[in-house]
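As structure tokens, the structure follows; a few thoughts come after it.
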Amino acid sequence: MRICFFLYGLLFIDKEEYLQAENMFLNAIRYGKNNFKAHMYLVAIYDLTGEIEKAKKAAEKAYSINSFYAVVDLMLAKICYKMQEFDSVKKHVNNAYIKAKTVFVKNYAKNA
């Protein structure tokens, strides 16, 4: 069931129907609390809609599930920048650089 909610969430994001997408990802999480990808898509939705506090909370939850991906740190850096938490920005950018597995991500983190 959770995969259906997740896939519907992706379809709604593609159509830029963010409220419906949010609901689908929240349902996917209801069926699997540690659904890392659903949490990350929530981060993106909240960032796009300007709900920065929600974005930070979702990113921190995703980070608690899986802190090994550089993308989580990059999203947290972006959110912290918007919140003017510059010490946290530096920490997350450095973490992303260290965790990056590709040249593209390393360069992105290096230039952030």
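Residues in the structure tokens are named by chain (A, B, ... in the order shown) and by number from 1 within that chain; ligands are numbered from 1 in the order shown.
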
When you look at range 82-92 of chain A with a cut-off of 10 Å (counting only C-alpha atoms), what residues show up, excluding the ones that are within fewer than 6 positions of it in the same chain? I need them as an NGL selection string. :A and (47 or 50 or 52-53 or 56 or 70-76 or 98 or 109 or 112)

Residues at most 12 Å from Ala38 in chain A, counting only C-alpha atoms, excluding those fewer than 5 positions away in the same chain, as a PyMOL selection string? chain A and resi 2-10+13+21-33+43-45+58-59+61-62+65

C-alpha atoms of the current selection, written as an mmCIF file, in the first residue's frame:
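This is the output file part.cif:
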```cif
data_model
loop_
_atom_site.group_PDB
_atom_site.id
_atom_site.type_symbol
_atom_site.label_atom_id
_atom_site.label_comp_id
_atom_site.auth_asym_id
_atom_site.auth_seq_id
_atom_site.Cartn_x
_atom_site.Cartn_y
_atom_site.Cartn_z
ATOM 1 C CA ARG A 2 2.810 2.395 0.900
ATOM 2 C CA ILE A 3 4.303 2.110 -2.600
ATOM 3 C CA CYS A 4 0.971 3.216 -4.100
ATOM 4 C CA PHE A 5 0.902 6.327 -1.924
ATOM 5 C CA PHE A 6 4.521 7.031 -2.775
ATOM 6 C CA LEU A 7 3.913 6.706 -6.534
ATOM 7 C CA TYR A 8 0.815 8.902 -6.362
ATOM 8 C CA GLY A 9 2.920 11.448 -4.490
ATOM 9 C CA LEU A 10 5.412 11.486 -7.351
ATOM 10 C CA ILE A 13 4.632 16.521 -7.643
ATOM 11 C CA ALA A 21 1.578 15.141 -3.011
ATOM 12 C CA GLU A 22 2.193 15.989 0.641
ATOM 13 C CA ASN A 23 -0.842 13.948 1.668
ATOM 14 C CA MET A 24 0.328 10.958 -0.370
ATOM 15 C CA PHE A 25 3.817 11.024 1.147
ATOM 16 C CA LEU A 26 2.375 11.403 4.645
ATOM 17 C CA ASN A 27 0.216 8.332 3.965
ATOM 18 C CA ALA A 28 3.271 6.443 2.690
ATOM 19 C CA ILE A 29 5.039 7.342 5.941
ATOM 20 C CA ARG A 30 2.026 6.234 7.955
ATOM 21 C CA TYR A 31 2.533 2.761 6.464
ATOM 22 C CA GLY A 32 6.310 2.849 6.828
ATOM 23 C CA LYS A 33 7.712 5.350 9.329
ATOM 24 C CA VAL A 43 11.474 18.217 2.413
ATOM 25 C CA ALA A 44 11.376 19.256 -1.244
ATOM 26 C CA ILE A 45 7.650 20.038 -1.144
ATOM 27 C CA ALA A 58 11.251 16.538 7.660
ATOM 28 C CA ALA A 59 14.947 16.812 6.749
ATOM 29 C CA LYS A 61 13.722 13.025 10.323
ATOM 30 C CA ALA A 62 15.226 11.842 7.030
ATOM 31 C CA ILE A 65 16.717 7.496 9.213
#
```

Rank nothing, just name the residue among A:Val103, A:Ala96, A:Leu19, A:Leu11 nearest to Phe68 in chain A, using only C-alpha atoms.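 The shortest atom-to-atom distance to Phe68 in chain A comes from A:Ala96.
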
Would you mind reading off the distance between CA of Tyr81 in chain A and CA of Glu17 in chain A, one decimal, in Å? 25.8 Å

Write out as a PyMOL selection string all residues of chain A that backbone DSSP assigns to helix (DSSP H, G or I). chain A and resi 2-14+18-31+36-48+52-65+70-82+86-99+103-111

Record the distance separating CA of Met1 in chain A and CA of Lys37 in chain A, expressed in Å with one decimal.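 A separation of 15.3 Å between them.
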
Would you work out the distance separating CA of Tyr46 in chain A from CA of Asp14 in chain A, expressed in Å to one decimal?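 Going from CA of Tyr46 in chain A over to CA of Asp14 in chain A, I get 15.0 Å.
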